[in-house]
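Asks: Below is a structure I'd like to ask you about.
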Amino acid sequence: MPEHLLSRLSSFDWLGSVALNPIGYALVGPPAGQIGVSETIYLAAATNAGVSLVVAVVPSIRHLHAAPGPVSAT
């Protein structure tokens with residue numbers, strides 16, 4: 001990945017990982033009250049696994065290749 005895009009990627013990662021947590025907390029409350037905490041956790045785990053599988057089957061994701069590492073100065 002080009003160096004000038006790393007900060008942009010980091011900001012999207014931060015947004016998804018931390019900044020959206022309050023929205024997730026708000027969304028998980030009603031199902032936990034309706035179907036129970038354990039069932040909500042299982043539902044969230046299944047949703048997470050499903051989304052991960054969908055992302056994994058996208059051809060542009062499956063065909064990513066690692067960039068060559070830095071060349072040693074010695």
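Scheme for the structure tokens: letters A, B, ... for chains in order shown; per-chain residue numbers from 1; ligand numbers from 1 in order shown.
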Name all residues at most 12 Å from Ala44 of chain A (count only C-alpha atoms; drop same-chain ones fewer than 2 positions away) and give them as a list in words.
Replies: Gly24, Tyr25, Leu27, Val28, Gly29, Pro31, Ala32, Val37, Ser38, Glu39, Thr40, Ile41, Tyr42, Ala46, Thr47, Asn48, Ala49, Gly50 and Val51 of chain A
Asks: How would the residues just picked look written out with N, CA, C and O atoms as an mmCIF file, in the first residue's frame?
Replies:
data_model
loop_
_atom_site.group_PDB
_atom_site.id
_atom_site.type_symbol
_atom_site.label_atom_id
_atom_site.label_comp_id
_atom_site.auth_asym_id
_atom_site.auth_seq_id
_atom_site.Cartn_x
_atom_site.Cartn_y
_atom_site.Cartn_z
ATOM 1 N N GLY A 24 -23.309 0.527 17.982
ATOM 2 C CA GLY A 24 -23.479 -0.914 18.206
ATOM 3 C C GLY A 24 -24.106 -1.209 19.548
ATOM 4 O O GLY A 24 -24.975 -2.086 19.656
ATOM 5 N N TYR A 25 -23.690 -0.494 20.576
ATOM 6 C CA TYR A 25 -24.280 -0.692 21.900
ATOM 7 C C TYR A 25 -25.766 -0.348 21.887
ATOM 8 O O TYR A 25 -26.575 -1.041 22.514
ATOM 9 N N LEU A 27 -27.770 -0.482 19.301
ATOM 10 C CA LEU A 27 -28.510 -1.439 18.479
ATOM 11 C C LEU A 27 -28.663 -2.801 19.137
ATOM 12 O O LEU A 27 -29.612 -3.526 18.851
ATOM 13 N N VAL A 28 -27.740 -3.169 20.018
ATOM 14 C CA VAL A 28 -27.793 -4.498 20.615
ATOM 15 C C VAL A 28 -28.719 -4.542 21.842
ATOM 16 O O VAL A 28 -29.165 -5.616 22.232
ATOM 17 N N GLY A 29 -29.060 -3.406 22.390
ATOM 18 C CA GLY A 29 -29.913 -3.387 23.579
ATOM 19 C C GLY A 29 -31.303 -3.958 23.374
ATOM 20 O O GLY A 29 -31.728 -4.849 24.121
ATOM 21 N N PRO A 31 -32.600 -6.106 21.042
ATOM 22 C CA PRO A 31 -32.675 -7.559 20.878
ATOM 23 C C PRO A 31 -32.323 -8.311 22.162
ATOM 24 O O PRO A 31 -32.907 -9.360 22.456
ATOM 25 N N ALA A 32 -31.378 -7.784 22.924
ATOM 26 C CA ALA A 32 -31.016 -8.450 24.183
ATOM 27 C C ALA A 32 -32.196 -8.459 25.146
ATOM 28 O O ALA A 32 -32.410 -9.436 25.864
ATOM 29 N N VAL A 37 -29.792 -12.177 26.485
ATOM 30 C CA VAL A 37 -28.404 -11.793 26.259
ATOM 31 C C VAL A 37 -27.638 -12.890 25.522
ATOM 32 O O VAL A 37 -26.936 -12.630 24.544
ATOM 33 N N SER A 38 -27.753 -14.127 25.976
ATOM 34 C CA SER A 38 -27.012 -15.223 25.329
ATOM 35 C C SER A 38 -27.395 -15.370 23.863
ATOM 36 O O SER A 38 -26.522 -15.524 22.997
ATOM 37 N N GLU A 39 -28.672 -15.329 23.578
ATOM 38 C CA GLU A 39 -29.124 -15.458 22.199
ATOM 39 C C GLU A 39 -28.637 -14.297 21.345
ATOM 40 O O GLU A 39 -28.281 -14.475 20.179
ATOM 41 N N THR A 40 -28.596 -13.107 21.923
ATOM 42 C CA THR A 40 -28.101 -11.936 21.193
ATOM 43 C C THR A 40 -26.619 -12.089 20.886
ATOM 44 O O THR A 40 -26.168 -11.736 19.788
ATOM 45 N N ILE A 41 -25.865 -12.630 21.835
ATOM 46 C CA ILE A 41 -24.438 -12.848 21.591
ATOM 47 C C ILE A 41 -24.240 -13.866 20.476
ATOM 48 O O ILE A 41 -23.396 -13.682 19.592
ATOM 49 N N TYR A 42 -25.012 -14.947 20.485
ATOM 50 C CA TYR A 42 -24.913 -15.947 19.417
ATOM 51 C C TYR A 42 -25.314 -15.341 18.073
ATOM 52 O O TYR A 42 -24.692 -15.620 17.048
ATOM 53 N N ALA A 46 -22.877 -15.009 14.829
ATOM 54 C CA ALA A 46 -23.259 -15.545 13.525
ATOM 55 C C ALA A 46 -23.239 -14.445 12.455
ATOM 56 O O ALA A 46 -22.787 -14.669 11.331
ATOM 57 N N THR A 47 -23.700 -13.261 12.817
ATOM 58 C CA THR A 47 -23.677 -12.136 11.884
ATOM 59 C C THR A 47 -22.245 -11.763 11.527
ATOM 60 O O THR A 47 -21.921 -11.539 10.354
ATOM 61 N N ASN A 48 -21.383 -11.726 12.529
ATOM 62 C CA ASN A 48 -19.975 -11.407 12.304
ATOM 63 C C ASN A 48 -19.333 -12.444 11.388
ATOM 64 O O ASN A 48 -18.613 -12.094 10.445
ATOM 65 N N ALA A 49 -19.591 -13.723 11.638
ATOM 66 C CA ALA A 49 -19.038 -14.782 10.788
ATOM 67 C C ALA A 49 -19.582 -14.676 9.372
ATOM 68 O O ALA A 49 -18.826 -14.830 8.398
ATOM 69 N N GLY A 50 -20.864 -14.393 9.226
ATOM 70 C CA GLY A 50 -21.462 -14.259 7.901
ATOM 71 C C GLY A 50 -20.866 -13.110 7.110
ATOM 72 O O GLY A 50 -20.531 -13.265 5.933
ATOM 73 N N VAL A 51 -20.719 -11.977 7.751
ATOM 74 C CA VAL A 51 -20.142 -10.812 7.069
ATOM 75 C C VAL A 51 -18.688 -11.103 6.691
ATOM 76 O O VAL A 51 -18.236 -10.760 5.593
#
Asks: Can you work out the spacing between atom CA of Pro68 of chain A and atom CA of Glu3 of chain A in Å, to one decimal?
Replies: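 Calculated distance between atom CA of Pro68 of chain A and atom CA of Glu3 of chain A is 13.7 Å.
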Asks: Write down as a VMD selection string the residues of chain A whose backbone DSSP state falls under alpha helix (DSSP H).
Replies: chain A and resid 6 to 14 21 to 35 37 to 56 59 to 62
Asks: In Å, rounded to a single decimal, give me how far atom CA of Ala56 of chain A is from atom CA of Ile35 of chain A.
Replies: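 These two atoms are separated by 29.7 Å.
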Asks: Quick one: distance from atom CA of Ala19 of chain A to atom CA of Leu43 of chain A in Å, one decimal?
Replies: 22.1 Å
